[in-house]
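Novice: Mind looking over this structure? Questions follow.
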Amino acid sequence: MKSPYFTAEHAAFRNTSRLFIEKEIVPYADEWERERRIPEPIWKRMGELGFLGINYPEEYGGIGADFFYSLVFLEELARCTMAGFAAAVSVHAYMASAYISSFATKELKEKYLIPAIKGEKIGALAVTEPDAGSDVASIRTRAVRNEDHYIINGAKTFITNGVHGDFVIVAVKTAPDAGFGGISLVLVDRETPGFTARSLHKIGWHSSDTAELHFDDVKVSVANRIGEENEGFYYIMECFQLERLVSAIIAVAGAEHGLETTLKYITEREAFGRPLAKFQTIRHSLVDMKTELEAARQLTYHTAWQYSQGEQTVMECSMAKLLTTELAKKMADTCLQYFGGYGYMDEYPISRMFRDARAGTIVGGTSEIMREIIARLMIDQVSYDSHRDEKEKKAEIKMPPKETKMEAKRDVPSPLPKTAADIIQTLPVRFRTEKAGDWGTIFHFDISGNEGGQYTVCIQNGACTVEPGLQGDAKCVVKTSDRTYRDIELGKANAEVAFMMRKIKISNITEMMQFTKMFQRLPKE
Ligand SMILES: Cc1cc2nc3c(=O)[nH]c(=O)nc-3n(C[C@H](O)[C@H](O)[C@H](O)COP(=O)(O)OP(=O)(O)OC[C@H]3O[C@@H](n4cnc5c(N)ncnc54)[C@H](O)[C@@H]3O)c2cc1C
């Protein structure tokens, strides 16, 4: 099918990628699956060919190409008949390397991104823990800062490239009481004392190693932190979009390859004196699969295009991942069925595709979590207005009124204040003394923009005061723009979504949650 997304150069790159996968990967699939690992030289070979740095800046050895070159490479990668290999490569090149490229210091990029792009150092990303997978905010691995280093203690599990990788980007708690506002990312070298890995056995993805990691008083320099302290959750949320998009691309291309393999088989295999391909029930089933796959592919391409334009794609990436990985799982099952008994035998690639496809709906956020994200955006009607310019679109996230104006209390200023500076001055009026009891706190609000300013909000002895400037020891620091603050207060933006989109930074989530309960809301504009 022709597509507006690809140029002649993309097509040429597809040929190069396909040739590489067919000649240098596919013939070794059985061996690598058996040995449960990918040989080191193949990483370097991919590095030499530029496959590990397609979108990364040239100054670090990348190609600096557009995202559709990555899409082409990932589609060809998915045809290698081992989803484990595709996963290992994508975790390294599109997850571990992406965090370094997007958020790390120049020094870390020189030390890790350059060798990662060359295939000399292989990376892993460790977020999941034995007691925290979908619920990223509840991770427990702790990094305690001591001057210029952190001491890390804890465990991670199900980590791709965790056994044979050279470094791991680890999500740690640096402010344990601050929920997702207390997560940081720290790069840990394989050789660091106290860091150990245990290989896990899986039903599929055999060529990729999956590990349980332990951190026992692991000492890591603060210089190894990726980005700002306590901002890790935002980075993870941002990079999840790419991770989910990559999963979708691989799911579609892998399922297509499975379908082609099945088509070939049913054309050759005979029953009742004719090829299986002549039985209507099988023909129609293949047609349905092809049709659904094409629809899923177009959603994925569109999402990739939006992503490549720098658009907000939380909804689309979640939908693409949900649709494609569920479809790939269903298709692998149906395709195996048409191989009959042979489909159940290890030596037939379709059996591997079937085992491998099962992981897609779990890794990188389960289907249930994808549905949850989509439901929040769809049912809670958080929306992004695609007709606005980029800045406006990101700032304004519209929520439907949850309470009517009739329900809103009336003793708030009238007419409604319009600027962030005016709105913050209404806090003492809106303060609910009866809710506060003997609770006390100090908040610093650092609001950028012409209509912002710096304010200290103090709750003490059942009263609330607002003073200009940042005074006293704040229990929570809130940083945002005048527009975001105003939109949240006036009900035009959702605070949780603004937080996830890094439009508002809150140093202590627990304190903030308590704080918001103390105030009457302004009626919505
Ligand atoms: C092969 C493989 C490779 C992996 N590689 C990595 C890696 O490299 N790095 C990494 O950090 N992690 C990795 N993971 C972990 C993966 O991301 C997690 O398994 C996944 O996020 C789910 O977390 P969990 O296993 O703890 O399940 P849980 O969070 O315990 O969920 C269990 C079940 O409950 C459902 N559930 C949970 N919360 C909700 C909710 N709110 N509503 C409805 N249902 C819910 C889930 O959908 C799931 O069905 C890998 C996993 C596998 C299997």
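Convention: chains lettered A, B, ... in structure tokens order; per-chain residue numbering from 1; ligands numbered from 1 as shown.
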Show me a table, sorted first by chain and then by increasing residue number, of the residues of chain A having an atom at most 9 Å from ligand 1, each with its shortest atom pair and the distance in Å to one decimal, counting only C-alpha atoms and all ligand atoms and written as a Markdown table.
Specialist:
| residue | atom | partner | partner_atom_place_in_ligand_line | distance |
| --- | --- | --- | --- | --- |
| A:Gly84 | CA | ligand 1 | 1 (C) | 8.0 |
| A:Ala87 | CA | ligand 1 | 3 (C) | 8.1 |
| A:Ala88 | CA | ligand 1 | 8 (O) | 8.3 |
| A:Val91 | CA | ligand 1 | 8 (O) | 6.5 |
| A:Met95 | CA | ligand 1 | 8 (O) | 8.7 |
| A:Ala124 | CA | ligand 1 | 8 (O) | 6.1 |
| A:Leu125 | CA | ligand 1 | 9 (N) | 5.0 |
| A:Ala126 | CA | ligand 1 | 11 (O) | 4.1 |
| A:Val127 | CA | ligand 1 | 11 (O) | 3.5 |
| A:Thr128 | CA | ligand 1 | 11 (O) | 3.9 |
| A:Glu129 | CA | ligand 1 | 26 (O) | 6.9 |
| A:Pro130 | CA | ligand 1 | 26 (O) | 6.7 |
| A:Asp131 | CA | ligand 1 | 26 (O) | 6.5 |
| A:Ala132 | CA | ligand 1 | 26 (O) | 5.2 |
| A:Gly133 | CA | ligand 1 | 26 (O) | 3.1 |
| A:Ser134 | CA | ligand 1 | 29 (O) | 3.7 |
| A:Asp135 | CA | ligand 1 | 29 (O) | 6.0 |
| A:Val136 | CA | ligand 1 | 21 (O) | 8.4 |
| A:Lys156 | CA | ligand 1 | 11 (O) | 7.4 |
| A:Thr157 | CA | ligand 1 | 12 (N) | 6.7 |
| A:Phe158 | CA | ligand 1 | 50 (C) | 4.5 |
| A:Ile159 | CA | ligand 1 | 8 (O) | 3.9 |
| A:Thr160 | CA | ligand 1 | 8 (O) | 3.8 |
| A:Asn161 | CA | ligand 1 | 8 (O) | 6.9 |
| A:Gly162 | CA | ligand 1 | 8 (O) | 7.5 |
| A:Val170 | CA | ligand 1 | 11 (O) | 8.4 |
| A:Ala171 | CA | ligand 1 | 11 (O) | 8.4 |
| A:Lys202 | CA | ligand 1 | 1 (C) | 7.1 |
| A:Ile203 | CA | ligand 1 | 1 (C) | 8.8 |
| A:Gly204 | CA | ligand 1 | 1 (C) | 7.6 |
| A:Trp205 | CA | ligand 1 | 1 (C) | 6.5 |
| A:Ser208 | CA | ligand 1 | 1 (C) | 8.3 |
| A:Asp209 | CA | ligand 1 | 1 (C) | 8.6 |
| A:Thr210 | CA | ligand 1 | 3 (C) | 6.3 |
| A:Ala211 | CA | ligand 1 | 5 (N) | 8.5 |
| A:Asp356 | CA | ligand 1 | 1 (C) | 8.8 |
| A:Arg358 | CA | ligand 1 | 53 (C) | 8.9 |
| A:Ala359 | CA | ligand 1 | 53 (C) | 5.7 |
| A:Gly360 | CA | ligand 1 | 53 (C) | 8.3 |
| A:Thr361 | CA | ligand 1 | 47 (O) | 8.7 |
| A:Ile362 | CA | ligand 1 | 20 (C) | 5.3 |
| A:Val363 | CA | ligand 1 | 17 (O) | 4.1 |
| A:Gly364 | CA | ligand 1 | 17 (O) | 4.4 |
| A:Gly365 | CA | ligand 1 | 21 (O) | 4.4 |
| A:Thr366 | CA | ligand 1 | 47 (O) | 4.7 |
| A:Ser367 | CA | ligand 1 | 47 (O) | 6.0 |
| A:Glu368 | CA | ligand 1 | 47 (O) | 4.3 |
| A:Ile369 | CA | ligand 1 | 47 (O) | 5.6 |
| A:Met370 | CA | ligand 1 | 47 (O) | 8.5 |
| A:Arg371 | CA | ligand 1 | 43 (C) | 8.2 |
| A:Glu372 | CA | ligand 1 | 42 (N) | 6.5 |
Novice: Would you mind listing what lies within 8 Å of Gly258 of chain A as a ChimeraX atom specification, with only C-alpha atoms counted and same-chain residues fewer than 3 positions away left out?
Specialist: /A:254-255,261-262,332,335,350,353
Novice: For C-alpha atoms, I'd like the residues from the last selection saved as a tab-separated table (two decimals), in the first residue's frame.
Specialist:
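For reference, part-v8.tsv as written:
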chain	number	residue	atom	x	y	z
A	254	GLY	CA	5.83	-8.72	13.41
A	255	ALA	CA	2.17	-9.68	12.94
A	261	THR	CA	4.43	-16.94	6.81
A	262	THR	CA	0.93	-18.36	7.31
A	332	ALA	CA	-0.42	-15.18	16.35
A	335	CYS	CA	-2.06	-18.15	12.45
A	350	ILE	CA	5.13	-19.59	14.03
A	353	MET	CA	5.93	-15.88	17.11
Novice: Measuring between only C-alpha atoms, which one of A:Met331, A:Leu263, A:Ile423, A:Cys458 shows the shortest distance to Ala436 of chain A?
Specialist: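 Of all the options, A:Cys458 lies closest to Ala436 of chain A.
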Novice: As a PyMOL selection string, which residues of segment 25-269 of chain A does DSSP assign to alpha helix (DSSP H)?
Specialist: chain A and resi 29-35+40-48+67-77+83-90+97-103+106-108+114-118+232-268
Novice: Which residue, A:Val186, A:Ala463, A:Ser308, A:Phe180, has the smallest gap to Leu245 of chain A when you use only C-alpha atoms?
Specialist: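 Ranking A:Val186, A:Ala463, A:Ser308, A:Phe180 by distance to Leu245 of chain A, first place goes to A:Ser308.
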Novice: Determine the nearest neighbour of Gly437 of chain A from the options A:Gln460, A:Gly449, A:Lys23, A:Phe85, counting only C-alpha atoms.
Specialist: A:Gln460
Novice: Find, counting only C-alpha atoms, the residue in A:Glu24, A:Asp66, A:Asp166, A:Glu76 that gets nearest to Arg45 of chain A.
Specialist: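 Nearest to Arg45 of chain A: A:Glu24.
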Novice: Considering only C-alpha atoms, return as a CSV table (one decimal) with N, CA and C atoms, in the first residue's frame whatever protein or nucleic-acid residues lie within 9 Å of Tyr455 of chain A, sequence-local ones (same chain, fewer than 4 positions apart) excluded.
Specialist:
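Written file, result_6.csv:
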chain,number,residue,atom,x,y,z
A,424,ILE,N,-4.0,34.0,43.3
A,424,ILE,CA,-3.3,33.5,44.5
A,424,ILE,C,-3.7,34.3,45.7
A,443,PHE,N,4.1,26.9,51.9
A,443,PHE,CA,4.2,26.6,50.4
A,443,PHE,C,4.9,27.8,49.7
A,444,HIS,N,5.8,27.5,48.8
A,444,HIS,CA,6.4,28.5,48.0
A,444,HIS,C,5.8,28.4,46.6
A,445,PHE,N,5.2,29.4,46.1
A,445,PHE,CA,4.7,29.4,44.7
A,445,PHE,C,5.7,30.3,43.8
A,446,ASP,N,6.3,29.6,42.8
A,446,ASP,CA,7.2,30.4,42.0
A,446,ASP,C,6.5,30.4,40.6
A,447,ILE,N,5.8,31.4,40.3
A,447,ILE,CA,5.0,31.5,39.1
A,447,ILE,C,5.6,32.4,38.0
A,466,VAL,N,-1.0,35.0,52.5
A,466,VAL,CA,-0.2,35.0,51.3
A,466,VAL,C,0.7,36.2,51.4
A,467,GLU,N,2.0,36.0,51.3
A,467,GLU,CA,3.0,37.1,51.4
A,467,GLU,C,3.8,37.1,50.1
A,468,PRO,N,4.2,38.2,49.6
A,468,PRO,CA,5.1,38.2,48.4
A,468,PRO,C,6.5,37.7,48.8
A,469,GLY,N,7.2,37.1,47.8
A,469,GLY,CA,8.5,36.6,48.0
A,469,GLY,C,8.5,35.2,48.6
A,470,LEU,N,9.7,34.6,48.7
A,470,LEU,CA,9.8,33.2,49.2
A,470,LEU,C,10.4,33.3,50.6
A,471,GLN,N,9.6,33.0,51.6
A,471,GLN,CA,10.1,33.1,52.9
A,471,GLN,C,9.9,31.8,53.7
Novice: Using only C-alpha atoms, determine which residues lie at most 12 Å from segment 117-119 of chain A, disregarding the query and same-chain residues fewer than 4 positions distant; provide the list as a ChimeraX atom specification.
Specialist: /A:39-64,89,92-94,96-98,100-101,109-113,123,165-166
Novice: Could you give me, as an mmCIF file with C-alpha atoms, in the first residue's frame, each residue of segment 239-282 of chain A that DSSP assigns to strand (DSSP E or B) when run on this structure's backbone?
Specialist:
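For reference, out_38.cif as written:
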data_model
loop_
_atom_site.group_PDB
_atom_site.id
_atom_site.type_symbol
_atom_site.label_atom_id
_atom_site.label_comp_id
_atom_site.auth_asym_id
_atom_site.auth_seq_id
_atom_site.Cartn_x
_atom_site.Cartn_y
_atom_site.Cartn_z
ATOM 1 C CA GLU A 270 -3.043 -29.579 1.314
ATOM 2 C CA ALA A 271 -6.039 -31.216 3.010
ATOM 3 C CA ARG A 274 -6.657 -29.068 -2.141
ATOM 4 C CA PRO A 275 -4.529 -26.323 -0.578
#
Novice: Please compute the atom CA of Asn508 of chain A-atom CA of Gly181 of chain A distance, one decimal, in Å.
Specialist: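 These two atoms are separated by 6.2 Å.
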Novice: Leaving out Ile282 of chain A and any residue of its chain fewer than 3 positions from it, which residues lie within 10 Å of it when counting only C-alpha atoms, given as a PyMOL selection string?
Specialist: chain A and resi 263+266+276-279+285-288+334-335+338
Novice: Okay, now the selection with N, CA and C atoms, as a CSV table (one decimal), in the first residue's frame?
Specialist:
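And here is the file that came out, out-v1.csv:
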chain,number,residue,atom,x,y,z
A,263,LEU,N,0.3,-17.4,5.2
A,263,LEU,CA,-0.2,-17.4,3.8
A,263,LEU,C,0.6,-18.4,2.9
A,266,ILE,N,-0.4,-22.0,4.1
A,266,ILE,CA,-1.7,-22.5,3.7
A,266,ILE,C,-1.8,-22.7,2.1
A,276,LEU,N,-4.9,-25.6,1.7
A,276,LEU,CA,-5.7,-24.9,2.8
A,276,LEU,C,-6.3,-23.6,2.3
A,277,ALA,N,-5.5,-22.9,1.5
A,277,ALA,CA,-5.9,-21.6,1.0
A,277,ALA,C,-7.2,-21.5,0.2
A,278,LYS,N,-7.7,-22.7,-0.2
A,278,LYS,CA,-8.9,-22.8,-0.9
A,278,LYS,C,-10.1,-22.9,0.0
A,279,PHE,N,-9.9,-23.1,1.3
A,279,PHE,CA,-11.1,-23.2,2.2
A,279,PHE,C,-11.5,-21.8,2.6
A,285,SER,N,-10.8,-15.6,7.1
A,285,SER,CA,-10.1,-15.3,8.4
A,285,SER,C,-8.8,-14.5,8.1
A,286,LEU,N,-8.1,-14.9,7.0
A,286,LEU,CA,-6.8,-14.2,6.7
A,286,LEU,C,-7.2,-12.8,6.2
A,287,VAL,N,-8.3,-12.7,5.5
A,287,VAL,CA,-8.7,-11.4,5.0
A,287,VAL,C,-9.0,-10.5,6.2
A,288,ASP,N,-9.7,-11.0,7.1
A,288,ASP,CA,-10.1,-10.2,8.3
A,288,ASP,C,-8.8,-9.7,9.0
A,334,THR,N,-4.3,-17.3,15.9
A,334,THR,CA,-5.1,-17.7,14.7
A,334,THR,C,-4.1,-18.3,13.7
A,335,CYS,N,-3.0,-17.6,13.4
A,335,CYS,CA,-2.1,-18.1,12.5
A,335,CYS,C,-1.5,-19.5,12.9
A,338,TYR,N,-3.7,-22.4,11.9
A,338,TYR,CA,-3.7,-22.9,10.5
A,338,TYR,C,-2.4,-23.7,10.2
Novice: Would you work out the distance separating atom CA of Arg36 of chain A from atom CA of His164 of chain A, expressed in Å to one decimal?
Specialist: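 Answer for the atom CA of Arg36 of chain A to atom CA of His164 of chain A separation: 10.6 Å.
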Novice: Rounded to one decimal place, report the atom CA of Ser184 of chain A-atom CA of Gln514 of chain A distance in Å.
Specialist: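 Calculated distance between atom CA of Ser184 of chain A and atom CA of Gln514 of chain A is 23.2 Å.
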Novice: Have a look at A:Leu522, A:Thr291, A:Tyr234, A:Glu75 and name the one nearest to Lys503 of chain A; count only C-alpha atoms.
Specialist: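 Of A:Leu522, A:Thr291, A:Tyr234, A:Glu75, the one nearest Lys503 of chain A is A:Tyr234, counting only C-alpha atoms.
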Novice: In terms of the shortest atom-to-atom distance over only C-alpha atoms, which of A:Cys464, A:Val72, A:Ile488, A:Met378 is closest to Phe519 of chain A?
Specialist: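 Counting only C-alpha atoms, the residue closest to Phe519 of chain A is A:Cys464.
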